[in-house]
Each structure stands twice: as structure tokens, then as C-alpha cells.
$ cat model-v9.cif   # mmCIF, C-alpha atoms (C1' of nucleotides)
data_final
#
loop_
_atom_site.label_atom_id
_atom_site.label_comp_id
_atom_site.auth_asym_id
_atom_site.auth_seq_id
_atom_site.Cartn_x
_atom_site.Cartn_y
_atom_site.Cartn_z
CA MET D 9 -34.58 35.67 -37.05
CA SER D 10 -31.96 34.42 -34.67
CA ARG D 11 -29.88 32.70 -37.29
CA ILE D 12 -26.70 33.44 -35.39
CA ARG D 13 -27.92 31.41 -32.47
CA ASP D 14 -28.57 28.37 -34.66
CA ILE D 15 -25.26 28.65 -36.47
CA ARG D 16 -23.33 29.08 -33.25
CA ASN D 17 -25.14 26.15 -31.66
CA GLU D 18 -24.07 23.92 -34.52
CA GLU D 19 -20.49 25.17 -34.38
CA LEU D 20 -20.24 24.60 -30.66
CA ILE D 21 -21.68 21.08 -30.87
CA THR D 22 -19.21 20.23 -33.60
CA ALA D 23 -16.42 21.60 -31.44
CA ALA D 24 -17.70 19.54 -28.51
CA ILE D 25 -17.52 16.37 -30.59
CA ARG D 26 -13.96 17.08 -31.61
CA ALA D 27 -12.88 18.08 -28.12
CA VAL D 28 -14.40 15.02 -26.48
CA HIS D 29 -12.78 12.84 -29.10
CA ARG D 30 -9.44 14.46 -28.38
CA HIS D 31 -9.50 14.65 -24.58
CA GLY D 32 -12.12 12.11 -23.50
CA TYR D 33 -15.55 12.66 -22.02
CA ALA D 34 -14.23 12.34 -18.48
CA GLN D 35 -11.47 14.92 -18.78
CA VAL D 36 -12.65 17.40 -21.38
CA THR D 37 -13.11 20.92 -20.05
CA MET D 38 -15.18 23.84 -21.22
CA SER D 39 -11.94 25.58 -22.20
CA ASP D 40 -10.97 22.64 -24.42
CA ILE D 41 -14.27 22.88 -26.24
CA ALA D 42 -14.08 26.65 -26.47
CA GLN D 43 -10.58 26.46 -27.92
CA GLU D 44 -11.74 23.97 -30.55
CA ALA D 45 -14.44 26.47 -31.59
CA ASN D 46 -12.21 29.58 -31.40
CA ALA D 47 -14.49 30.94 -28.72
CA SER D 48 -14.40 31.52 -25.00
CA ALA D 49 -15.65 29.20 -22.31
CA ALA D 50 -18.08 31.83 -21.14
CA SER D 51 -19.82 32.04 -24.49
CA ILE D 52 -20.67 28.33 -24.37
CA ASN D 53 -22.40 29.01 -21.11
CA TYR D 54 -24.28 31.84 -22.77
CA TYR D 55 -25.68 29.46 -25.40
CA PHE D 56 -26.17 26.26 -23.45
CA GLY D 57 -26.33 27.38 -19.84
CA THR D 58 -24.38 24.45 -18.50
CA LYS D 59 -21.95 21.75 -19.53
CA GLU D 60 -24.55 19.08 -19.02
CA LYS D 61 -26.96 20.77 -21.41
CA LEU D 62 -24.24 21.03 -24.04
CA MET D 63 -23.57 17.31 -23.75
CA GLU D 64 -27.25 16.58 -24.05
CA ALA D 65 -27.49 18.68 -27.19
CA THR D 66 -24.44 16.89 -28.60
CA MET D 67 -26.01 13.51 -27.93
CA ARG D 68 -29.24 14.63 -29.55
CA ARG D 69 -27.35 15.57 -32.68
CA LEU D 70 -25.88 12.10 -32.98
CA LEU D 71 -29.27 10.51 -32.45
CA ARG D 72 -30.83 12.76 -35.07
CA LEU D 73 -28.09 11.77 -37.49
CA LEU D 74 -28.81 8.08 -36.97
CA LYS D 75 -32.52 8.67 -37.42
CA THR D 76 -31.98 10.58 -40.65
CA ALA D 77 -29.60 7.98 -42.02
CA THR D 78 -32.09 5.25 -41.21
CA LEU D 79 -35.06 6.99 -42.80
CA ASP D 80 -33.08 7.89 -45.92
CA ARG D 81 -32.19 4.24 -46.43
CA LEU D 82 -35.60 2.95 -45.42
CA HIS D 83 -37.48 5.07 -47.91
CA PRO D 84 -36.62 3.22 -51.13
CA ALA D 85 -36.71 -0.24 -49.46
CA LYS D 86 -39.54 -2.45 -50.62
CA THR D 87 -39.04 -5.91 -49.14
CA ALA D 88 -38.55 -6.91 -45.53
CA ARG D 89 -34.99 -7.91 -46.33
CA ASP D 90 -34.29 -4.55 -47.93
CA ARG D 91 -35.67 -2.79 -44.89
CA LEU D 92 -33.58 -4.89 -42.54
CA THR D 93 -30.47 -4.15 -44.54
CA ALA D 94 -31.39 -0.47 -44.52
CA ILE D 95 -31.65 -0.36 -40.73
CA VAL D 96 -28.40 -2.21 -40.20
CA THR D 97 -26.31 -0.35 -42.76
CA ALA D 98 -27.60 3.03 -41.55
CA ASN D 99 -25.36 2.57 -38.53
CA PHE D 100 -22.36 2.65 -40.83
CA ASP D 101 -23.47 5.62 -42.92
CA ASP D 102 -20.66 7.88 -44.13
CA ARG D 103 -22.04 10.77 -42.09
CA LEU D 104 -22.15 8.77 -38.87
CA PHE D 105 -19.42 6.18 -38.88
CA THR D 106 -16.36 8.35 -38.24
CA PRO D 107 -13.69 7.90 -35.56
CA ALA D 108 -14.74 11.00 -33.64
CA GLN D 109 -18.41 10.11 -33.62
CA CYS D 110 -17.87 6.44 -32.77
CA SER D 111 -15.63 7.49 -29.93
CA LEU D 112 -18.20 9.94 -28.66
CA TRP D 113 -21.04 7.48 -28.97
CA VAL D 114 -19.25 4.83 -26.94
CA GLN D 115 -18.29 7.32 -24.25
CA PHE D 116 -21.83 8.60 -23.97
CA TRP D 117 -23.01 5.03 -23.62
CA SER D 118 -20.67 4.20 -20.83
CA ASN D 119 -21.55 7.36 -18.94
CA ALA D 120 -25.28 7.11 -19.53
CA PRO D 121 -26.05 5.18 -16.33
CA TYR D 122 -24.72 8.10 -14.29
CA ALA D 123 -26.50 10.95 -16.10
CA PRO D 124 -30.29 10.68 -16.11
CA ILE D 125 -30.73 12.70 -19.30
CA LEU D 126 -28.25 10.64 -21.28
CA SER D 127 -29.71 7.48 -19.85
CA ARG D 128 -33.15 8.42 -21.08
CA LEU D 129 -31.98 9.29 -24.58
CA HIS D 130 -30.01 6.08 -24.74
CA ARG D 131 -32.96 3.94 -23.68
CA ILE D 132 -35.33 5.53 -26.14
CA ASN D 133 -32.94 5.15 -29.05
CA ARG D 134 -32.12 1.56 -28.24
CA ALA D 135 -35.77 0.58 -27.98
CA ARG D 136 -36.51 2.24 -31.31
CA VAL D 137 -33.70 0.47 -33.14
CA GLN D 138 -34.60 -2.84 -31.59
CA SER D 139 -38.27 -2.66 -32.51
CA HIS D 140 -37.40 -1.69 -36.09
CA LEU D 141 -35.02 -4.61 -36.35
CA HIS D 142 -37.38 -7.07 -34.76
CA ALA D 143 -40.30 -6.15 -37.01
CA GLU D 144 -38.31 -7.11 -40.10
CA VAL D 145 -36.51 -10.12 -38.67
CA LYS D 146 -39.84 -11.67 -37.66
CA GLN D 147 -40.89 -11.81 -41.30
CA LEU D 148 -37.71 -13.50 -42.43
CA CYS D 149 -37.26 -16.43 -40.06
CA PRO D 150 -39.17 -18.87 -37.84
CA PRO D 151 -40.52 -17.04 -34.79
CA GLN D 152 -38.46 -19.02 -32.26
CA ASN D 153 -35.27 -17.63 -33.81
CA ALA D 154 -36.33 -14.01 -34.22
CA ALA D 155 -35.32 -12.74 -30.79
CA ALA D 156 -31.86 -14.31 -30.90
CA ILE D 157 -31.14 -12.96 -34.37
CA THR D 158 -32.29 -9.47 -33.43
CA THR D 159 -30.05 -9.50 -30.37
CA THR D 160 -27.12 -10.76 -32.42
CA LEU D 161 -27.54 -7.98 -34.97
CA GLN D 162 -27.76 -5.30 -32.31
CA ALA D 163 -24.76 -6.67 -30.42
CA TYR D 164 -22.81 -6.85 -33.67
CA MET D 165 -23.48 -3.22 -34.51
CA ASP D 166 -22.54 -2.09 -31.00
CA GLY D 167 -19.40 -4.22 -31.07
CA ILE D 168 -18.23 -2.81 -34.39
CA TRP D 169 -18.71 0.73 -33.10
CA LEU D 170 -16.74 -0.10 -30.01
CA GLU D 171 -13.89 -1.47 -32.05
CA ALA D 172 -13.93 1.55 -34.33
CA ALA D 173 -13.76 3.87 -31.34
CA GLN D 174 -10.64 2.08 -30.14
CA SER D 175 -8.83 1.68 -33.41
CA GLU D 176 -9.38 5.22 -34.68
CA THR D 177 -10.07 3.95 -38.20
CA CYS D 178 -13.44 3.68 -39.89
CA ALA D 179 -14.14 2.21 -43.32
CA PRO D 180 -17.84 2.88 -43.73
CA ALA D 181 -18.29 1.19 -47.11
CA ALA D 182 -16.50 -1.97 -46.00
CA ALA D 183 -18.42 -2.01 -42.74
CA ARG D 184 -21.70 -1.83 -44.63
CA MET D 185 -20.67 -4.72 -46.84
CA ASP D 186 -19.66 -6.81 -43.85
CA ALA D 187 -22.99 -6.03 -42.21
CA LYS D 188 -24.90 -7.09 -45.31
CA LYS D 189 -22.97 -10.35 -45.41
CA LEU D 190 -23.83 -11.01 -41.79
CA VAL D 191 -27.52 -10.47 -42.53
CA THR D 192 -27.45 -13.03 -45.32
CA ARG D 193 -25.42 -15.41 -43.16
CA LEU D 194 -27.94 -15.19 -40.32
CA LEU D 195 -31.00 -15.26 -42.59
CA PRO D 196 -30.13 -17.42 -45.58
CA MET V 8 5.08 -12.60 5.23
CA SER V 9 3.12 -9.54 4.24
CA ARG V 10 -0.22 -11.27 4.06
CA ILE V 11 -2.00 -8.15 5.25
CA ARG V 12 -0.78 -6.26 2.24
CA ASP V 13 -2.18 -8.88 -0.15
CA ILE V 14 -5.51 -9.10 1.66
CA ARG V 15 -5.88 -5.34 1.79
CA ASN V 16 -4.99 -5.02 -1.88
CA GLU V 17 -7.77 -7.42 -2.77
CA GLU V 18 -10.26 -5.66 -0.53
CA LEU V 19 -9.45 -2.28 -1.99
CA ILE V 20 -9.72 -3.50 -5.56
CA THR V 21 -13.09 -5.06 -4.79
CA ALA V 22 -14.18 -1.79 -3.23
CA ALA V 23 -12.95 0.07 -6.30
CA ILE V 24 -15.07 -2.14 -8.56
CA ARG V 25 -18.17 -1.51 -6.49
CA ALA V 26 -17.51 2.21 -6.18
CA VAL V 27 -16.92 2.68 -9.90
CA HIS V 28 -20.04 0.71 -10.63
CA ARG V 29 -22.00 2.92 -8.28
CA HIS V 30 -20.60 6.35 -9.19
CA GLY V 31 -19.06 5.92 -12.63
CA TYR V 32 -15.42 5.93 -13.67
CA ALA V 33 -15.50 9.62 -14.49
CA GLN V 34 -16.89 10.82 -11.16
CA VAL V 35 -15.74 8.28 -8.60
CA THR V 36 -13.49 9.76 -5.92
CA MET V 37 -10.93 8.24 -3.62
CA SER V 38 -13.32 8.91 -0.73
CA ASP V 39 -16.05 6.92 -2.46
CA ILE V 40 -13.75 3.95 -2.81
CA ALA V 41 -12.46 4.30 0.73
CA GLN V 42 -15.99 4.40 2.08
CA GLU V 43 -16.89 1.25 0.17
CA ALA V 44 -13.95 -0.48 1.86
CA ASN V 45 -14.51 1.01 5.32
CA ALA V 46 -11.13 2.66 5.10
CA SER V 47 -9.73 6.13 4.63
CA ALA V 48 -8.71 7.73 1.38
CA ALA V 49 -5.18 8.10 2.67
CA SER V 50 -4.74 4.39 3.20
CA ILE V 51 -5.48 3.68 -0.44
CA ASN V 52 -2.63 5.98 -1.28
CA TYR V 53 -0.45 4.06 1.13
CA TYR V 54 -1.08 0.81 -0.77
CA PHE V 55 -1.33 1.97 -4.35
CA GLY V 56 0.47 5.29 -4.39
CA THR V 57 -1.95 6.95 -6.75
CA LYS V 58 -5.47 6.69 -8.14
CA GLU V 59 -4.17 5.76 -11.56
CA LYS V 60 -2.21 2.82 -10.14
CA LEU V 61 -5.30 1.60 -8.32
CA MET V 62 -7.27 1.67 -11.54
CA GLU V 63 -4.52 -0.20 -13.33
CA ALA V 64 -4.53 -2.89 -10.64
CA THR V 65 -8.31 -3.13 -10.89
CA MET V 66 -8.13 -3.57 -14.64
CA ARG V 67 -5.46 -6.21 -14.23
CA ARG V 68 -7.71 -8.18 -11.91
CA LEU V 69 -10.48 -8.27 -14.50
CA LEU V 70 -8.05 -9.37 -17.18
CA ARG V 71 -6.68 -12.11 -14.92
CA LEU V 72 -10.21 -13.29 -14.28
CA LEU V 73 -10.94 -13.57 -17.99
CA LYS V 74 -7.67 -15.42 -18.54
CA THR V 75 -8.42 -17.88 -15.75
CA ALA V 76 -11.96 -18.48 -16.96
CA THR V 77 -10.68 -19.11 -20.46
CA LEU V 78 -7.96 -21.53 -19.41
CA ASP V 79 -10.31 -23.43 -17.10
CA ARG V 80 -12.72 -24.01 -19.96
CA LEU V 81 -10.00 -24.62 -22.53
CA HIS V 82 -8.34 -27.38 -20.53
CA PRO V 83 -10.88 -30.20 -21.06
CA ALA V 84 -11.65 -29.14 -24.66
CA LYS V 85 -10.51 -31.62 -27.28
CA THR V 86 -11.86 -30.53 -30.65
CA ALA V 87 -11.51 -27.18 -32.37
CA ARG V 88 -15.23 -26.59 -31.91
CA ASP V 89 -14.98 -27.33 -28.20
CA ARG V 90 -12.08 -24.91 -27.88
CA LEU V 91 -13.94 -22.19 -29.76
CA THR V 92 -16.97 -22.65 -27.52
CA ALA V 93 -14.69 -22.54 -24.49
CA ILE V 94 -13.17 -19.20 -25.52
CA VAL V 95 -16.53 -17.63 -26.29
CA THR V 96 -18.39 -18.86 -23.21
CA ALA V 97 -15.53 -17.87 -20.90
CA ASN V 98 -16.62 -14.27 -21.43
CA PHE V 99 -19.91 -15.13 -19.75
CA ASP V 100 -18.42 -17.07 -16.84
CA ASP V 101 -20.31 -16.73 -13.55
CA ARG V 102 -17.29 -15.10 -11.95
CA LEU V 103 -16.93 -12.47 -14.68
CA PHE V 104 -20.34 -11.72 -16.14
CA THR V 105 -21.84 -9.61 -13.35
CA PRO V 106 -23.43 -6.15 -13.63
CA ALA V 107 -20.63 -4.45 -11.69
CA GLN V 108 -17.86 -6.05 -13.70
CA CYS V 109 -19.52 -5.54 -17.07
CA SER V 110 -20.08 -1.92 -16.17
CA LEU V 111 -16.47 -1.51 -15.14
CA TRP V 112 -15.15 -3.25 -18.22
CA VAL V 113 -17.09 -1.02 -20.58
CA GLN V 114 -16.01 2.10 -18.76
CA PHE V 115 -12.38 1.07 -18.83
CA TRP V 116 -12.70 0.44 -22.54
CA SER V 117 -14.13 3.82 -23.29
CA ASN V 118 -11.45 5.57 -21.24
CA ALA V 119 -8.58 3.48 -22.53
CA PRO V 120 -7.68 5.82 -25.41
CA TYR V 121 -6.95 8.56 -22.90
CA ALA V 122 -4.87 6.57 -20.40
CA PRO V 123 -1.74 4.97 -21.85
CA ILE V 124 -1.60 2.18 -19.28
CA LEU V 125 -5.19 1.14 -19.80
CA SER V 126 -4.74 1.44 -23.53
CA ARG V 127 -1.82 -0.97 -23.45
CA LEU V 128 -3.64 -3.53 -21.34
CA HIS V 129 -6.67 -3.28 -23.56
CA ARG V 130 -4.70 -3.80 -26.73
CA ILE V 131 -2.82 -6.79 -25.39
CA ASN V 132 -6.00 -8.47 -24.16
CA ARG V 133 -7.88 -7.88 -27.37
CA ALA V 134 -5.09 -9.25 -29.52
CA ARG V 135 -4.87 -12.35 -27.34
CA VAL V 136 -8.59 -13.10 -27.52
CA GLN V 137 -8.68 -12.46 -31.23
CA SER V 138 -5.77 -14.76 -32.02
CA HIS V 139 -7.29 -17.52 -29.88
CA LEU V 140 -10.59 -17.17 -31.68
CA HIS V 141 -9.06 -17.00 -35.11
CA ALA V 142 -6.93 -20.10 -34.60
CA GLU V 143 -10.01 -22.22 -33.97
CA VAL V 144 -12.33 -20.57 -36.50
CA LYS V 145 -9.78 -21.21 -39.26
CA GLN V 146 -10.13 -24.94 -38.72
CA LEU V 147 -13.91 -24.89 -38.91
CA CYS V 148 -14.70 -22.94 -42.07
CA PRO V 149 -13.33 -22.02 -45.50
CA PRO V 150 -10.43 -19.58 -45.12
CA GLN V 151 -12.17 -16.73 -46.94
CA ASN V 152 -14.83 -16.63 -44.23
CA ALA V 153 -12.59 -16.95 -41.18
CA ALA V 154 -11.82 -13.28 -40.65
CA ALA V 155 -15.45 -12.18 -40.91
CA ILE V 156 -16.66 -14.86 -38.50
CA THR V 157 -13.95 -14.03 -35.98
CA THR V 158 -14.88 -10.36 -36.12
CA THR V 159 -18.55 -11.19 -35.73
CA LEU V 160 -17.89 -13.29 -32.66
CA GLN V 161 -15.74 -10.63 -31.05
CA ALA V 162 -18.24 -7.89 -31.82
CA TYR V 163 -21.03 -10.06 -30.46
CA MET V 164 -19.25 -10.61 -27.16
CA ASP V 165 -18.47 -6.92 -26.79
CA GLY V 166 -22.02 -5.98 -27.68
CA ILE V 167 -23.54 -8.33 -25.10
CA TRP V 168 -21.25 -6.90 -22.41
CA LEU V 169 -22.26 -3.40 -23.38
CA GLU V 170 -25.92 -4.26 -23.14
CA ALA V 171 -25.40 -5.96 -19.78
CA ALA V 172 -23.61 -2.89 -18.45
CA GLN V 173 -26.60 -0.75 -19.39
CA SER V 174 -29.39 -3.03 -18.26
CA GLU V 175 -27.89 -3.95 -14.89
CA THR V 176 -28.96 -7.56 -15.29
CA CYS V 177 -26.74 -10.51 -16.15
CA ALA V 178 -27.89 -14.07 -16.77
CA PRO V 179 -24.60 -15.88 -17.28
CA ALA V 180 -26.02 -19.34 -18.02
CA ALA V 181 -28.47 -18.01 -20.58
CA ALA V 182 -25.77 -15.84 -22.15
CA ARG V 183 -23.52 -18.87 -22.54
CA MET V 184 -26.33 -20.83 -24.20
CA ASP V 185 -27.04 -17.96 -26.59
CA ALA V 186 -23.35 -17.74 -27.42
CA LYS V 187 -23.18 -21.46 -28.16
CA LYS V 188 -26.18 -21.18 -30.44
CA LEU V 189 -24.53 -18.35 -32.31
CA VAL V 190 -21.40 -20.43 -32.82
CA THR V 191 -23.42 -23.27 -34.36
CA ARG V 192 -25.40 -20.79 -36.45
CA LEU V 193 -22.25 -19.23 -37.84
CA LEU V 194 -20.39 -22.54 -38.28
CA PRO V 195 -22.99 -25.16 -39.14
"C1'" DG O 5 -27.97 57.35 -36.89
"C1'" DC O 6 -29.11 55.61 -32.53
"C1'" DA O 7 -31.11 53.05 -28.88
"C1'" DA O 8 -31.79 48.47 -27.58
"C1'" DA O 9 -30.94 43.87 -28.01
"C1'" DA O 10 -27.81 40.24 -28.82
"C1'" DC O 11 -23.49 38.62 -28.24
"C1'" DT O 12 -18.56 38.07 -26.30
"C1'" DT O 13 -15.02 37.81 -22.93
"C1'" DG O 14 -11.69 38.39 -18.73
"C1'" DT O 15 -11.86 37.75 -14.33
"C1'" DA O 16 -13.39 36.25 -9.84
"C1'" DT O 17 -15.41 32.84 -6.89
"C1'" DG O 18 -16.08 28.77 -4.66
"C1'" DA O 19 -16.35 23.99 -4.55
"C1'" DG O 20 -14.20 19.48 -5.00
"C1'" DC O 21 -10.50 16.72 -5.69
"C1'" DG O 22 -5.85 13.99 -5.29
"C1'" DT O 23 -2.15 13.65 -2.59
"C1'" DA O 24 1.67 14.67 0.97
"C1'" DC O 25 2.70 14.53 5.63
"C1'" DA O 26 3.10 14.05 10.41
"C1'" DA O 27 1.17 12.15 14.22
"C1'" DG O 28 -0.97 8.29 16.06
"C1'" DT O 29 -2.14 3.02 16.59
"C1'" DT O 30 -1.45 -1.80 15.91
"C1'" DT O 31 1.29 -5.76 14.76
"C1'" DT O 32 5.55 -8.31 14.42
"C1'" DC O 33 9.77 -10.05 15.90
"C1'" DT O 34 13.15 -11.35 19.19
"C1'" DA T 12 8.32 -6.65 27.25
"C1'" DG T 13 9.90 -3.51 24.25
"C1'" DA T 14 11.76 -1.70 20.01
"C1'" DA T 15 10.93 -1.50 15.23
"C1'" DA T 16 8.19 -2.12 11.42
"C1'" DA T 17 3.79 -1.90 9.35
"C1'" DC T 18 -0.31 0.26 9.06
"C1'" DT T 19 -4.02 4.04 9.61
"C1'" DT T 20 -5.94 8.53 9.57
"C1'" DG T 21 -7.05 13.71 10.00
"C1'" DT T 22 -5.59 17.59 8.15
"C1'" DA T 23 -3.81 20.82 5.03
"C1'" DC T 24 -2.09 22.26 0.52
"C1'" DG T 25 -2.37 23.22 -4.19
"C1'" DC T 26 -4.63 22.72 -8.19
"C1'" DT T 27 -8.33 22.47 -11.66
"C1'" DC T 28 -12.64 23.47 -13.23
"C1'" DA T 29 -17.60 25.08 -13.95
"C1'" DT T 30 -20.10 28.92 -13.45
"C1'" DA T 31 -21.57 33.88 -12.38
"C1'" DC T 32 -21.01 38.49 -13.38
"C1'" DA T 33 -20.02 42.90 -15.07
"C1'" DA T 34 -17.97 45.37 -18.51
"C1'" DG T 35 -17.27 45.71 -23.17
"C1'" DT T 36 -18.38 45.05 -28.50
"C1'" DT T 37 -21.31 44.08 -32.36
"C1'" DT T 38 -25.69 43.63 -34.61
"C1'" DT T 39 -30.50 44.65 -35.21
"C1'" DG T 40 -34.66 47.32 -35.77
"C1'" DC T 41 -36.66 51.52 -36.84
#
$ encode --input "model-v9.cif" --output "C-alpha cells"
Amino acid sequence: MSRIRDIRNEELITAAIRAVHRHGYAQVTMSDIAQEANASAASINYYFGTKEKLMEATMRRLLRLLKTATLDRLHPAKTARDRLTAIVTANFDDRLFTPAQCSLWVQFWSNAPYAPILSRLHRINRARVQSHLHAEVKQLCPPQNAAAITTTLQAYMDGIWLEAAQSETCAPAAARMDAKKLVTRLLP
Amino acid sequence: MSRIRDIRNEELITAAIRAVHRHGYAQVTMSDIAQEANASAASINYYFGTKEKLMEATMRRLLRLLKTATLDRLHPAKTARDRLTAIVTANFDDRLFTPAQCSLWVQFWSNAPYAPILSRLHRINRARVQSHLHAEVKQLCPPQNAAAITTTLQAYMDGIWLEAAQSETCAPAAARMDAKKLVTRLLP
DNA sequence: GCAAAACTTGTATGAGCGTACAAGTTTTCT
DNA sequence: AGAAAACTTGTACGCTCATACAAGTTTTGC
């Protein structure tokens, strides 16, 4: 039915990602986003109602991408170690680990405490990733080490994203290899 | 001579930290900061000239704090391992590792790419920390592992700060102990 | 083919912000 | 004590931006 609506939504979200990457979350305007999509500022309002809603939809797209990447890699994994590797490397999937998306992700993070909707999404996602990680780590090391190793892995992933957002360069394949090496270093 | 100027500068920077923590870097106004300092927005302009300059001064204070904490801990360190521990734990110093300052740090990071002055400060600081880390790590492990371990440590520190900024709780002593454990886990 | 629905856009509105400025108050210096 | 310097503040200006709206254009359904 309303295929146009879906297509336009996707286009506008993509434009929002690019515009935020270019101008920054704090300073990006509706006109910036509209320009990136070859549309008018008013039409964004027609589809999303408000800037805040657009940002929420954009965040949801990134979260969905991470979820998909995780499930895709989790599906063929048989052992606990395979599953752990799947969860960790999903963060550096080709579809996700790009300069624009890392930049956006970090900016959403840092603004989450001041926007209830973003804050909620952020909390849910973080809890999900952490429980996935923890479930596998528990089976691979003595219980008194599990929490520390889980925290280290999560901090590592966040830190790499942060660095990528700053440096404007992403090498997904290399990042996945580094992540795998860290897993074997932490859980020999 | 102009002691008042110095005192007021410090007060206003402290107020800026609290105001940014409360309202967010993106939305904080000069009035917010003024209110936090029991002053008027105009007087901030008198001391700092512009909002951007105030933010730069605030960032510089955080960087100075990290530098001081690092040097304090580096001074009594004798071995390479002691020095490495000093550099890592300095990030979780009682004076630095507080919710407000973690929050501010993360927000400055994420806005750095869009503000040349912040960007410059950020780059300089990061390079300094990294070279300090790398110098010590090199002496404690085979050379082919040094780069990866340095990156892991830096990412870990960034990740812990990010988490602290979100969760609004900092336990500096515990964070330092966790960091020490990670160092011994990575460099047995 | 045509009415209605879906979509697009230019423009107007109003709010919020940083900053300049001039007029006051306090402090310093001799 | 009194002039000058340092400091403070209320107010006003100019600007930017999100959003509302009404007037157009295109697409859909029959």
C-alpha cells in the first residue's frame, strides 16, 4: 500500500545519518537533513512530525542493524566460544562499523542522558548486549572472573567505536580480527 | 594582583561543569551556567569573551587534572609495570573520576570533531596518553603484541568513562583495582 | 477521466539564544 | 577621601531554528 511512505522514511533516515555525521548532533538543522535528502524541511515534518521523532527513528535503525548483525553471526555458532565471538564481532560488521554510523552512535550516547527516549533505547540495548556476553563468558572461565571479563569486553567495544568516530577511518575486517584476538587473550 | 579574576575564572569553570552535566553540552545556555554560579550571563562574557572560549577553558581544566593525576602517580613509580599502572589508574583518580566530569569528558569528545579548538586539544591529549602507554607496554611484552595491548588499554579506559557517564555512578577505588587486574591479565 | 487522498513546499511565526552596551556598583590605589 | 580601575548587571538587538499552515502538485482508486 503506502510503499512511498516506507521508502521515504528510509531515505530521510539515511539523510539524517549523513547530516548528523557532517554537522554534529548538536548543530544539525532540519534544513541540513532536508538538503542531504534533496527534500524540504517541511516534508520531514510531514513524515516524522518532529525532529525528536526523526532522531528516535534514526537511533532505532542503528539498533536494528546491530541486532540483525548479531543474529546473523549467532545463527551458525555452535560452541560458547563461537557465540561469544559472534556477539563481539557483530559490533564491527561491515554494515555497521562505518565512520558515519560510529560518529552517530557516539553522539547519541552522549546525548542520551538528556533525552528520555534515547536514554531508554540506550539502556535496553546495553542490557541486552551485556546479558548475551555474560551468558557465554560464564561458560568459558571461573565464575569469579566472569563479570570483569564481560565488562572489559563491553568497554573495549565502546572504546573502539569512540576512537573510530574520532579518527574517521574504519577497518571492519581488521577490527574483527583484533576483537577475536582479545577474546582469546582474555579467555585462553 | 588580579586575584579576583583567577578566583572567578575557577568558579565559573566549576559552574560550567555542573551546568553541562545537568543540561547537556548541546542544550546548556549561558544563563544556566550563570545561575549555577550565582552570577549573570553577562559577567561570564566579561571574563571569557564568548561561550566557545569558556568551553575551551573548561576542557583545559579537565586535561590539566588528568596530567596532574598522571604525574603524581608516575613520580614514585620505579619499574615499567609500576609506571604503566600509574598511567592507567590516573584516569580513575578521585579528583577526576566523578559523574559530572566523566559526563563532560564524553560530551566534549563527541563534539570535538565539530569544534576545531576542542578537536586539537583532544588529539594532543590522546597522542600523549598513547605514547606514554606504549613506551611502558613495549618493555613488558613481545613487540608484536605491544600495539594491540596499548589499544586495548586505551579502549578500556574510554569505555569505562563512557559507562560511568551514562550510569551516573563512579567508584574510583574499585575502578582502579579493576584496571590493575586488567593490566596483570594482559601482561602476565 | 476525475475526485479524493497523499504528498510537497514556500513562507510566516514565535520562541530562545549569544552577545554588545551603557549604566550602575564595588574595590583598589595613593 | 576621592579618582580610577575593576567588576556586575539589565536590557536590547539580531539571528537562527523548529514548526504550523495554506496553497499547490502528484498519485491513487474506481
$ resolve_selection --input "model-v9.cif" --expression "the PyMOL selection byres ((chain D) within 6 of (chain V))" --output "MDAnalysis selection string"
chainID D and resid 34 115 118 163:164 166:168
$ resolve_selection --input "model-v9.cif" --expression "the PyMOL selection byres ((chain D) within 10 of (chain O))" --output "list in words"
Ser10, Ile12, Arg13, Ala47, Ser48, Ala49, Ala50, Ser51, Tyr54 and Tyr55 of chain D
$ closest_residue --input "model-v9.cif" --among "V:Leu69, V:Met62, V:Ala171, V:Ala182" --to "Asn132 in chain V" --atoms "only C-alpha atoms"
V:Leu69
$ closest_residue --input "model-v9.cif" --among "V:Ile40, V:Ile51, V:Ile24, V:Ala107" --to "chain T" --atoms "all atoms listed in the file"
V:Ile51
$ interface_residues --input "model-v9.cif" --of "chain T" --to "chain V" --cutoff "12 Å" --atoms "all atoms listed in the file" --output "ChimeraX atom specification"
/T:16-22
$ atom_distance --input "model-v9.cif" --atom1 "CA of Ile21 in chain D" --atom2 "CA of Leu62 in chain D"
7.3 Å
$ atom_distance --input "model-v9.cif" --atom1 "CA of His139 in chain V" --atom2 "CA of Leu91 in chain V"
8.1 Å
$ axis_aligned_box --input "model-v9.cif" --around "range 11-24 of chain O" --padding-each-side "4 Å" --output "lines of an AutoDock Vina configuration file"
center_x = -10.9
center_y = 26.1
center_z = -13.6
size_x = 33.2
size_y = 33.0
size_z = 37.2
$ atom_distance --input "model-v9.cif" --atom1 "CA of Ser138 in chain V" --atom2 "CA of Ala93 in chain V"
14.0 Å
$ resolve_selection --input "model-v9.cif" --expression "the PyMOL selection byres ((chain V and resi 71-84) around 12)" --output "PyMOL selection string"
chain V and resi 64-70+85-104+108-109+112+128+132-133+135-136+139-140+143
$ build_atoms --input "model-v9.cif" --residues "range 149-161 of chain V" --atoms "N, CA and C atoms" --output "short mmCIF file (atom, residue, chain, number, x, y, z; two decimals), in the frame of the given file"
data_model
loop_
_atom_site.label_atom_id
_atom_site.label_comp_id
_atom_site.auth_asym_id
_atom_site.auth_seq_id
_atom_site.Cartn_x
_atom_site.Cartn_y
_atom_site.Cartn_z
N PRO V 149 -14.23 -22.40 -44.39
CA PRO V 149 -13.33 -22.02 -45.50
C PRO V 149 -12.57 -20.74 -45.14
N PRO V 150 -11.31 -20.67 -45.55
CA PRO V 150 -10.43 -19.58 -45.12
C PRO V 150 -10.96 -18.19 -45.47
N GLN V 151 -11.71 -18.07 -46.58
CA GLN V 151 -12.17 -16.73 -46.94
C GLN V 151 -13.26 -16.20 -46.01
N ASN V 152 -13.82 -17.09 -45.18
CA ASN V 152 -14.83 -16.63 -44.23
C ASN V 152 -14.30 -16.41 -42.82
N ALA V 153 -13.09 -16.90 -42.56
CA ALA V 153 -12.59 -16.95 -41.18
C ALA V 153 -12.53 -15.58 -40.53
N ALA V 154 -11.98 -14.61 -41.25
CA ALA V 154 -11.82 -13.28 -40.65
C ALA V 154 -13.17 -12.68 -40.27
N ALA V 155 -14.14 -12.77 -41.18
CA ALA V 155 -15.45 -12.18 -40.91
C ALA V 155 -16.11 -12.85 -39.71
N ILE V 156 -16.00 -14.15 -39.61
CA ILE V 156 -16.66 -14.86 -38.50
C ILE V 156 -15.98 -14.52 -37.19
N THR V 157 -14.65 -14.44 -37.20
CA THR V 157 -13.95 -14.03 -35.98
C THR V 157 -14.39 -12.64 -35.53
N THR V 158 -14.44 -11.71 -36.46
CA THR V 158 -14.88 -10.36 -36.12
C THR V 158 -16.29 -10.36 -35.57
N THR V 159 -17.16 -11.13 -36.21
CA THR V 159 -18.55 -11.19 -35.73
C THR V 159 -18.61 -11.69 -34.30
N LEU V 160 -17.86 -12.74 -34.01
CA LEU V 160 -17.89 -13.29 -32.66
C LEU V 160 -17.39 -12.27 -31.65
N GLN V 161 -16.29 -11.61 -31.99
CA GLN V 161 -15.74 -10.63 -31.05
C GLN V 161 -16.72 -9.47 -30.84
#
